[in-house]
Every structure is written in structure tokens, then in C-alpha cells.
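data-v2.cif, holding mmCIF, C-alpha atoms:
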```cif
data_final
#
loop_
_atom_site.label_atom_id
_atom_site.label_comp_id
_atom_site.auth_asym_id
_atom_site.auth_seq_id
_atom_site.Cartn_x
_atom_site.Cartn_y
_atom_site.Cartn_z
CA MET D 97 134.61 91.19 140.50
CA PRO D 98 132.42 94.10 139.36
CA LYS D 99 132.32 92.58 135.85
CA VAL D 100 131.01 89.31 137.27
CA ILE D 101 128.32 91.16 139.24
CA ASN D 102 127.28 93.15 136.18
CA ARG D 103 127.03 90.02 134.04
CA THR D 104 125.01 88.29 136.76
CA LEU D 105 122.61 91.25 136.99
CA LEU D 106 122.27 91.32 133.20
CA LEU D 107 121.52 87.60 133.12
CA VAL D 108 118.93 87.95 135.90
CA SER D 109 117.32 90.87 134.03
CA LEU D 110 117.11 88.87 130.82
CA ILE D 111 115.54 85.94 132.67
CA MET D 112 112.97 88.24 134.32
CA VAL D 113 112.04 89.87 130.98
CA SER D 114 111.68 86.43 129.37
CA LEU D 115 109.45 85.20 132.20
CA LEU D 116 107.27 88.31 131.96
CA TYR D 117 106.97 87.85 128.20
CA LEU D 118 105.98 84.19 128.59
CA TYR D 119 103.44 85.07 131.29
CA HIS D 120 101.91 87.81 129.16
CA ASN D 121 101.52 85.52 126.16
CA THR D 122 100.27 82.44 128.00
CA HIS D 123 97.90 84.05 130.55
CA HIS D 124 95.23 86.01 128.73
CA GLN D 125 93.03 88.23 130.84
CA LYS D 126 89.80 86.29 130.99
CA GLY D 127 86.66 88.33 130.72
CA ARG D 128 88.39 91.33 129.19
CA ASP D 129 87.45 92.52 125.72
CA THR D 130 90.56 92.18 123.55
CA HIS D 131 88.59 92.36 120.28
CA GLN D 132 89.27 96.06 119.74
CA VAL D 133 92.97 95.59 120.44
CA LYS D 134 93.21 92.92 117.77
CA CYS D 135 91.14 94.72 115.18
CA ASN D 136 92.46 98.26 115.10
CA GLY D 137 94.21 97.45 111.84
CA LEU D 138 97.87 96.91 111.07
CA ALA D 139 100.02 99.57 109.45
CA VAL D 140 101.29 98.53 106.04
CA PRO D 141 104.95 97.54 106.57
CA LEU D 142 107.67 99.18 104.52
CA PHE D 143 109.49 95.87 104.12
CA PRO D 144 108.53 93.58 102.58
CA PRO D 145 106.15 95.47 100.31
CA ASN D 146 104.44 92.21 99.36
CA THR D 147 101.63 90.74 101.47
CA LEU D 148 102.91 87.67 103.27
CA THR D 149 99.51 86.67 104.66
CA PRO D 150 96.13 87.24 102.96
CA ALA D 151 94.41 90.25 104.48
CA LEU D 152 91.89 93.01 103.85
CA LEU D 153 93.17 96.48 102.99
CA THR D 154 91.00 99.53 103.71
CA SER D 155 91.04 102.99 102.18
CA GLU D 156 92.82 104.16 105.35
CA ASP D 157 95.75 101.92 104.29
CA LYS D 158 95.24 99.56 107.21
CA LEU D 159 95.50 95.77 106.96
CA TYR D 160 93.11 93.38 108.71
CA THR D 161 93.90 89.68 109.02
CA GLN D 162 91.34 86.88 109.01
CA GLU D 163 90.55 87.26 112.73
CA CYS D 164 89.21 90.73 111.99
CA PHE D 165 87.22 90.13 108.80
CA GLU D 166 83.84 90.34 110.51
CA SER D 167 84.87 93.40 112.49
CA ILE D 168 85.98 95.41 109.46
CA LEU D 169 83.00 94.31 107.36
CA SER D 170 80.64 95.45 110.10
CA LYS D 171 82.46 98.77 110.31
CA VAL D 172 82.38 99.37 106.55
CA ALA D 173 78.75 98.32 106.15
CA LYS D 174 77.37 99.97 109.28
CA ASN D 175 74.42 102.32 108.73
CA THR D 176 74.83 102.47 104.97
CA SER D 177 73.17 100.97 101.95
CA LYS D 178 76.08 102.06 99.74
CA PRO D 179 77.26 99.16 97.56
CA LEU D 180 80.32 97.22 98.72
CA VAL D 181 83.03 96.15 96.26
CA ILE D 182 85.77 93.73 97.35
CA LEU D 183 88.68 93.75 94.92
CA ILE D 184 90.91 90.65 94.71
CA THR D 185 94.29 91.90 93.56
CA GLY D 186 96.33 90.44 90.77
CA ARG D 187 100.07 89.81 90.57
CA GLY D 188 102.32 92.47 92.05
CA MET D 189 103.84 93.91 95.22
CA HIS D 190 100.61 94.47 97.06
CA PRO D 191 99.55 96.19 99.24
CA TRP D 192 102.01 98.88 98.16
CA LYS D 193 100.96 98.62 94.52
CA SER D 194 97.31 99.09 95.50
CA ILE D 195 98.17 102.09 97.64
CA ASN D 196 100.47 103.75 95.11
CA LYS D 197 97.89 103.40 92.34
CA GLN D 198 95.10 104.54 94.71
CA LEU D 199 92.90 101.66 93.62
CA LEU D 200 90.54 101.85 96.59
CA LEU D 201 90.15 105.61 96.49
CA LYS D 202 89.47 105.56 92.76
CA LEU D 203 86.88 102.79 93.08
CA GLU D 204 85.08 104.60 95.88
CA LYS D 205 85.16 108.03 94.25
CA GLN D 206 84.39 107.05 90.66
CA TYR D 207 81.52 104.66 91.48
CA ASN D 208 80.31 106.00 94.85
CA VAL D 209 80.81 102.67 96.62
CA ASN D 210 82.56 101.36 99.70
CA ALA D 211 85.58 99.27 98.75
CA LEU D 212 88.02 96.81 100.32
CA ILE D 213 90.96 94.97 98.82
CA PHE D 214 91.77 91.32 99.46
CA THR D 215 95.54 91.03 99.23
CA TRP D 216 97.47 87.77 99.05
CA PRO D 217 101.14 86.74 98.50
CA SER D 218 101.10 87.92 94.91
CA TRP D 219 104.76 88.55 94.19
CA CYS D 220 107.51 85.97 93.77
CA GLY D 221 109.81 87.72 91.32
CA ILE D 222 109.69 89.43 87.95
CA ARG D 223 109.57 86.17 85.96
CA CYS D 224 107.51 84.21 88.47
CA LEU D 225 103.76 83.63 88.18
CA PRO D 226 102.27 83.03 91.67
CA PHE D 227 99.29 80.90 90.62
CA ALA D 228 99.95 78.42 93.44
CA GLN D 229 100.05 81.19 96.04
CA ALA D 230 96.73 82.52 94.76
CA ARG D 231 95.02 79.14 95.00
CA HIS D 232 96.48 78.51 98.46
CA SER D 233 94.99 81.84 99.60
CA ALA D 234 91.51 80.51 98.84
CA GLU D 235 91.13 78.97 102.29
CA ILE D 236 91.38 82.40 103.91
CA PHE D 237 89.21 83.97 101.22
CA LEU D 238 86.58 81.37 102.11
CA LYS D 239 86.67 82.73 105.67
CA LEU D 240 85.96 86.15 104.19
CA LEU D 241 82.89 84.73 102.45
CA TYR D 242 81.60 83.33 105.74
CA ALA D 243 82.30 86.69 107.38
CA ILE D 244 80.14 88.34 104.71
CA ALA D 245 77.36 85.86 105.51
CA HIS D 246 77.64 86.55 109.25
CA THR D 247 77.69 90.34 109.00
CA ILE D 248 76.20 91.99 105.93
CA ASN D 249 73.65 89.35 104.99
CA ARG D 250 72.55 88.32 108.48
CA ASN D 251 72.37 91.74 110.09
CA GLN D 252 70.52 94.82 108.89
CA GLN D 253 72.28 94.99 105.53
CA LYS D 254 69.96 92.88 103.40
CA LYS D 255 69.64 95.61 100.80
CA GLN D 256 73.34 96.20 100.39
CA ILE D 257 74.73 95.16 97.00
CA VAL D 258 77.97 93.17 97.34
CA THR D 259 80.32 92.56 94.41
CA LEU D 260 83.51 90.50 94.31
CA LEU D 261 85.85 91.92 91.67
CA SER D 262 88.91 89.87 90.73
CA HIS D 263 91.64 91.43 88.64
CA SER D 264 94.04 89.42 86.46
CA MET D 265 95.63 86.65 88.57
CA GLY D 266 93.08 87.31 91.30
CA SER D 267 90.82 84.90 89.41
CA ALA D 268 93.15 82.08 90.55
CA VAL D 269 91.99 82.79 94.11
CA LEU D 270 88.44 82.07 92.95
CA GLU D 271 89.69 78.93 91.21
CA GLY D 272 91.05 77.82 94.56
CA VAL D 273 87.75 78.63 96.26
CA SER D 274 85.96 76.33 93.81
CA THR D 275 87.95 73.35 95.14
CA HIS D 276 86.42 73.74 98.63
CA SER D 277 83.03 72.63 99.85
CA LEU D 278 80.67 75.59 99.37
CA GLU D 279 77.31 74.02 100.20
CA ALA D 280 77.01 75.92 103.48
CA LEU D 281 77.23 79.31 101.76
CA PRO D 282 73.92 80.98 100.79
CA HIS D 283 73.30 80.75 97.05
CA ASN D 284 72.77 84.51 96.83
CA LEU D 285 75.50 85.48 99.27
CA VAL D 286 76.87 88.13 96.87
CA ASN D 287 75.09 89.84 94.03
CA ASN D 288 77.92 89.74 91.52
CA ILE D 289 81.28 88.24 90.77
CA LEU D 290 83.17 90.24 88.17
CA ILE D 291 86.21 88.44 86.74
CA ASP D 292 88.29 91.11 85.01
CA ALA D 293 91.27 90.55 82.73
CA SER D 294 91.54 86.98 83.98
CA SER D 295 94.95 85.35 83.66
CA SER D 296 93.36 81.95 84.33
CA SER D 297 93.41 79.51 81.45
CA GLN D 298 90.57 79.56 78.97
CA GLN D 299 90.70 75.76 78.87
CA GLY D 300 88.30 74.12 81.32
CA HIS D 301 87.24 77.35 82.99
CA THR D 302 83.53 76.49 83.04
CA ALA D 303 84.28 73.54 85.34
CA TRP D 304 85.33 75.82 88.19
CA LEU D 305 82.93 78.65 87.36
CA GLN D 306 79.90 76.42 87.84
CA LYS D 307 81.03 75.64 91.39
CA LEU D 308 80.79 79.31 92.44
CA THR D 309 77.16 78.88 93.43
CA PHE D 310 77.12 81.70 96.01
CA THR D 311 76.49 84.52 93.52
CA LYS D 312 73.48 85.68 91.52
CA HIS D 313 75.48 86.87 88.53
CA LEU D 314 78.95 86.08 87.23
CA PHE D 315 80.56 88.26 84.57
CA ILE D 316 83.68 87.45 82.56
CA ILE D 317 85.10 90.67 81.13
CA SER D 318 87.58 90.26 78.29
CA ASN D 319 89.75 92.33 75.99
CA GLN D 320 91.48 90.54 73.14
CA GLY D 321 94.02 93.36 72.89
CA ASP D 322 95.08 93.11 76.56
CA ALA D 323 98.88 93.57 76.40
CA ALA D 324 99.58 92.02 79.81
CA LEU D 325 97.69 88.84 78.95
CA LYS D 326 99.29 88.65 75.52
CA CYS D 327 102.61 88.64 77.33
CA LEU D 328 101.69 85.36 78.99
CA GLU D 329 100.58 83.53 75.87
CA SER D 330 102.81 81.36 73.72
CA ASP D 331 101.11 82.30 70.42
CA SER D 332 101.45 86.07 70.83
CA PRO D 333 104.28 87.87 68.97
CA HIS D 334 106.44 90.07 71.20
CA PHE D 335 108.59 93.02 70.20
CA GLY D 336 111.04 95.36 71.91
CA PRO D 337 111.47 95.11 75.70
CA THR D 338 108.45 92.82 76.05
CA LYS D 339 110.16 90.22 73.87
CA ILE D 340 112.80 89.71 76.58
CA PHE D 341 110.35 89.78 79.48
CA CYS D 342 107.56 87.69 77.96
CA LYS D 343 109.47 84.94 76.18
CA ASP D 344 109.60 82.57 79.16
CA PHE D 345 105.89 82.26 79.98
CA LYS D 346 104.38 80.57 76.90
CA LEU D 347 100.99 79.80 78.45
CA SER D 348 97.81 78.70 76.71
CA PRO D 349 95.20 81.38 75.78
CA ARG D 350 94.03 83.28 78.86
CA LEU D 351 90.38 83.62 79.80
CA GLY D 352 90.52 87.43 79.96
CA ARG D 353 91.63 87.68 76.34
CA TRP D 354 89.36 85.10 74.73
CA GLY D 355 86.29 85.22 76.93
CA ALA D 356 83.80 86.55 74.39
CA GLU D 357 80.33 85.00 74.64
CA LYS D 358 80.37 83.69 71.07
CA ASN D 359 83.15 81.25 72.01
CA TYR D 360 81.12 79.62 74.79
CA GLN D 361 77.50 79.50 73.70
CA LYS D 362 77.43 75.70 73.88
CA ASN D 363 78.96 75.16 77.32
CA SER D 364 78.37 78.36 79.28
CA VAL D 365 77.10 78.23 82.87
CA SER D 366 73.55 79.53 83.25
CA ASN D 367 74.36 82.61 85.36
CA VAL D 368 77.63 83.47 83.57
CA HIS D 369 77.73 86.38 81.14
CA TYR D 370 80.66 87.09 78.80
CA ILE D 371 81.38 90.77 78.14
CA ASP D 372 83.78 91.66 75.34
CA PHE D 373 85.22 95.20 75.60
CA THR D 374 87.93 94.75 72.98
CA GLU D 375 86.81 97.73 70.90
CA GLU D 376 86.65 100.04 73.91
CA LEU D 377 89.83 99.11 75.77
CA GLY D 378 92.61 98.88 73.21
CA ASP D 379 95.57 97.18 74.93
CA ARG D 380 94.53 98.09 78.51
CA HIS D 381 94.75 95.59 81.36
CA LYS D 382 92.81 97.46 84.08
CA TYR D 383 89.22 97.77 82.95
CA TYR D 384 87.39 98.95 86.06
CA ILE D 385 88.88 102.41 86.77
CA ASP D 386 89.43 105.67 84.93
CA GLN D 387 86.77 104.95 82.28
CA ARG D 388 84.27 107.78 82.75
CA GLU D 389 85.93 109.97 80.10
CA LYS D 390 87.59 107.19 78.10
CA SER D 391 84.58 104.94 77.55
CA THR D 392 81.05 105.71 78.69
CA LYS D 393 80.05 102.18 77.70
CA VAL D 394 82.59 100.55 80.01
CA PHE D 395 81.93 102.96 82.87
CA ASN D 396 78.15 102.51 82.67
CA PHE D 397 78.53 98.74 82.77
CA TYR D 398 80.49 98.74 86.03
CA TYR D 399 78.33 101.44 87.56
CA ALA D 400 75.17 99.46 86.84
CA VAL D 401 76.55 96.13 88.08
CA PHE D 402 77.95 97.63 91.30
CA ARG D 403 74.52 99.11 92.11
CA GLY D 404 72.50 96.04 91.21
CA TYR D 405 70.79 97.69 88.24
CA PRO D 406 69.59 95.47 85.38
CA VAL D 407 72.22 95.30 82.68
CA ASN D 408 71.25 95.03 79.05
CA LEU D 409 74.06 92.78 77.86
CA HIS D 410 73.39 93.73 74.27
CA ASP D 411 73.39 97.47 74.91
CA THR D 412 75.85 98.63 77.56
CA ASP D 413 75.49 102.19 76.24
CA GLN D 414 72.23 102.21 78.18
CA THR D 415 71.11 105.28 80.10
CA LEU D 416 71.43 104.59 83.81
CA PRO D 417 68.67 105.32 86.34
#
```
Rewritten as C-alpha cells:
Amino acid sequence: MPKVINRTLLLVSLIMVSLLYLYHNTHHQKGRDTHQVKCNGLAVPLFPPNTLTPALLTSEDKLYTQECFESILSKVAKNTSKPLVILITGRGMHPWKSINKQLLLKLEKQYNVNALIFTWPSWCGIRCLPFAQARHSAEIFLKLLYAIAHTINRNQQKKQIVTLLSHSMGSAVLEGVSTHSLEALPHNLVNNILIDASSSSQQGHTAWLQKLTFTKHLFIISNQGDAALKCLESDSPHFGPTKIFCKDFKLSPRLGRWGAEKNYQKNSVSNVHYIDFTEELGDRHKYYIDQREKSTKVFNFYYAVFRGYPVNLHDTDQTLP
């Protein structure tokens, strides 16, 4: 008899908890401000280390989903004219990879900017290339662009320089953006788009670049010695451990390895500039950090672009203001 009573009480308790849960989630307190509750930022989960939903990562290692884009942009841009850089990650177990490599902290410290990272589901296995996931993330990235229009450019931040910086497979997110209708976005929404070490195909790239009409300047930065991009290409010889890892990809030449201006003089888009840093970068795949001591030319280029300074494309050894 006592067992029956205990089971009955347990069942009643479970029913009550379920009813309370349903009530809480179906009866929102009208008139109460829940904005702050939603936008305090999510802690980066230990498992899985890969972003499952596109989100913004801050230098405090907090994640903000699309509902909070305007809130975090307003917070980052508030009362400052410091340039804003939004990095679109490439392939890898982000956000943990971004955090472990201190990408945001390095960007902010080395260039004296505010920085955010747009993470997306960028890992699907060691021999998997998540191009489809990148393109599918474009719909949420488009919401980020509208959030930029609603906050930075329509409030008191008219003078703030905004740069979108895609790294490696992050350019596929921009490819996906180009498939959406962009007419409602201001033509000068952002000052710069920097496409670094792009793993997008060289073939037909101008078709999607010319649809990114919401930027003043668009830079394609290439390095013909880029080891990571060579790994993807079918015509690149591979030796040692990379021979085993790279043999399955066999892609056509990548934009970030063959993007020099001389190759595209006849069909380049008017506001697109091709920057070839082959001589300065060796076989490096990350171009935008840790360059102050390694290459003044590379560092000065990024510093100038991030701050909206005029860039002499024929002399990136220029002395900065």
C-alpha cells in the first residue's frame, strides 16, 4: 500500500511540474521587459565544441544568437568611434578554435579595433568540407547585416568604420548572401569587405562578388603559397602527412591562392581590389594577425583598411597617418 501511495504522489508531482513548465512557456508576462534576459549572452558550451547555430561571439567568450544581434552591436558600438571588425570564421571547431587561438583579442589589441566573430556550423569531420553549411548560414548573416543598418548606421555611429573580414571558407557565407535579395540594404552599409585566404572557387567568382553591393570597397587577399589552400587543389603536389590528408579533395584552383589582380583585369568588378601578398606570407593561411613584426607591409595594409584610410594599392609599404 505505501508503495502505491508513493507512486501516486510521484505521478502527481510529475504532472504538476509539467503543467507549470507548460504554463511558463506558453504564458509570457505581457508588458515586462524580457530583452535583457534574452541578450545576456550564452556561455560557450563544452560539448559540442562546434557552433550548431550561427551566432556572434564576443571577446568575453559569450555567444549571441540572431535575436540579440542588434543588442550586442549597440553595446559594442556605444559611445565609441573605434572601428568595428566582424570576422566570419573558416572551417573548424568554432567557437572553441577562435577562443583557443585568441582571434578576437589579437584583432582588438594589434589593430586597436572592436571585434566580433560570426560563427556558423563549420565542422563536419576531418575530411569534410562544409561549403553547404556556410551557404545555408547566409540567411542569418543577412539578419546581421540588417542589424548593422538598424544600429550603427542609423543611430549616432555614422563615423564608425565597419569591416567584414571573411577567412578561408567564411567566403562561402558571403557567396550564400549573394543569392538573396539585397536591394533593401544601403549601398554603403559597410566600408570594407576583406576576403582573406578564400577557399571559394576562382571560377565564376566575379558573378557573386558583383552582387555584394552593400560595401564601398571589396578586397581579395591572396597568397599563392598558402599551404591550406594548396591542400584543397587537385593540381598541387602533396608530400608527407599532407599527402594522406589532402588526396581526397581535388578541387579547382581556389580564389585565395590565385586572386592576383593581373589575372582579372578584364572582368574585375569596379570596387574590387586584388591584393597579392605571396612574397610576404610564405605558406601562411592566416594573413590578418601577428604581422607587425613579420611583415610591415601586410600589417600596414590591414591597419589602414580597418581605419578607413586611403590605401595605395601599388605601395602598401606606405607610412600611415
Among D:Phe227, D:Phe165, D:Tyr384, D:Trp192, Ile248 in chain D is approached most closely, using all atoms listed in the file, by D:Phe165
Quick one: distance from CA of Cys342 in chain D to CA of Asp322 in chain D in Å, one decimal?
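Those two atoms sit 13.7 Å apart.
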Q) Residues picked by the PyMOL selection byres ((chain D and resi 216) around 6) here, as a PyMOL selection string? A) chain D and resi 147+150+215+217-218
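Picture a line from CA of Ser296 in chain D to CA of Ser348 in chain D; it runs 9.4 Å.
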Selection under test: the PyMOL selection byres ((chain D and resi 185) around 6); residues as a list in words:
Ile184, Gly186, Thr215, His263 and Gly266 of chain D
C-alpha atoms of the current selection, written as an mmCIF file, in the frame of the given file:
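Okay, this is what ended up in part23.cif:
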```cif
data_model
loop_
_atom_site.group_PDB
_atom_site.id
_atom_site.type_symbol
_atom_site.label_atom_id
_atom_site.label_comp_id
_atom_site.auth_asym_id
_atom_site.auth_seq_id
_atom_site.Cartn_x
_atom_site.Cartn_y
_atom_site.Cartn_z
ATOM 1 C CA ILE D 184 90.910 90.650 94.710
ATOM 2 C CA GLY D 186 96.330 90.440 90.770
ATOM 3 C CA THR D 215 95.540 91.030 99.230
ATOM 4 C CA HIS D 263 91.640 91.430 88.640
ATOM 5 C CA GLY D 266 93.080 87.310 91.300
#
```
Of D:Ser318, D:Ser277, D:Thr374, D:Thr161, the one nearest to Leu238 in chain D when counting all atoms listed in the file is D:Ser277
Practice task
List the residues selected by the PyMOL selection byres ((chain D and resi 229) around 12) in the file shown, writing them as number ranges by chain.
Solution key: D: 147-150, 186-187, 215-220, 224-228, 230-236, 265-269, 271-272
Counting only C-alpha atoms, which of D:Asp344, D:Glu166, D:Glu156, D:Asp386 gets nearest to Ala245 in chain D?
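So, comparing all the options, the nearest one is D:Glu166.
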Between CA of Lys307 in chain D and CA of Leu281 in chain D, distance in Å (one decimal):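 Taking CA of Lys307 in chain D and CA of Leu281 in chain D, their separation equals 11.6 Å.
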Quick one: residues within 10 Å of Gly137 in chain D, all atoms listed in the file counted, chain neighbours fewer than 2 positions away excluded, as a list in words?
Gln132, Val133, Lys134, Cys135, Ala139, Val140, Leu152, Leu153, Thr154, Glu156, Asp157, Lys158, Leu159, Tyr160, Thr161, Cys164 and Ile168 of chain D
Write the selection just made, keeping C-alpha atoms, as a tab-separated table (two decimals), in the frame of the given file?
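What follows is the written file out_15.tsv:
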```
chain	number	residue	atom	x	y	z
D	132	GLN	CA	89.27	96.06	119.74
D	133	VAL	CA	92.97	95.59	120.44
D	134	LYS	CA	93.21	92.92	117.77
D	135	CYS	CA	91.14	94.72	115.18
D	139	ALA	CA	100.02	99.57	109.45
D	140	VAL	CA	101.29	98.53	106.04
D	152	LEU	CA	91.89	93.01	103.85
D	153	LEU	CA	93.17	96.48	102.99
D	154	THR	CA	91.00	99.53	103.71
D	156	GLU	CA	92.82	104.16	105.35
D	157	ASP	CA	95.75	101.92	104.29
D	158	LYS	CA	95.24	99.56	107.21
D	159	LEU	CA	95.50	95.77	106.96
D	160	TYR	CA	93.11	93.38	108.71
D	161	THR	CA	93.90	89.68	109.02
D	164	CYS	CA	89.21	90.73	111.99
D	168	ILE	CA	85.98	95.41	109.46
```
So, counting only C-alpha atoms, which residue among D:Ser264, D:Asn367, D:Gln387, D:Asn288 is closest to Leu328 in chain D?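 Of D:Ser264, D:Asn367, D:Gln387, D:Asn288, the one nearest Leu328 in chain D is D:Ser264, counting only C-alpha atoms.
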- request: Choose the residue, out of D:Leu325, D:Leu305, D:Ile213, D:Val401, that has the smallest atom-to-atom separation from Val258 in chain D; count only C-alpha atoms.
  value: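 Looking only at the distances to Val258 in chain D, the closest residue turns out to be D:Val401.
For the choices D:Phe395, D:Met189, D:Gln306, D:Ser262, the atom-to-atom distance to Asn146 in chain D is smallest for D:Met189 when using all atoms listed in the file.
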- Task: Extract, using only C-alpha atoms, all DNA, RNA and protein residues at most 10 Å from Leu180 in chain D, discarding same-chain residues fewer than 2 positions from it, and format them as a PyMOL selection string.
- Result: chain D and resi 169+172-173+176-178+182-183+204+208-212+248+256-260+286+402-403
| message | as number ranges by chain, please: the residues near Phe373 in chain D (cut-off 10 Å, all atoms listed in the file, same-chain neighbours under 4 positions excluded). | response | D: 317-321, 353, 356, 377-378, 383, 391, 393-394
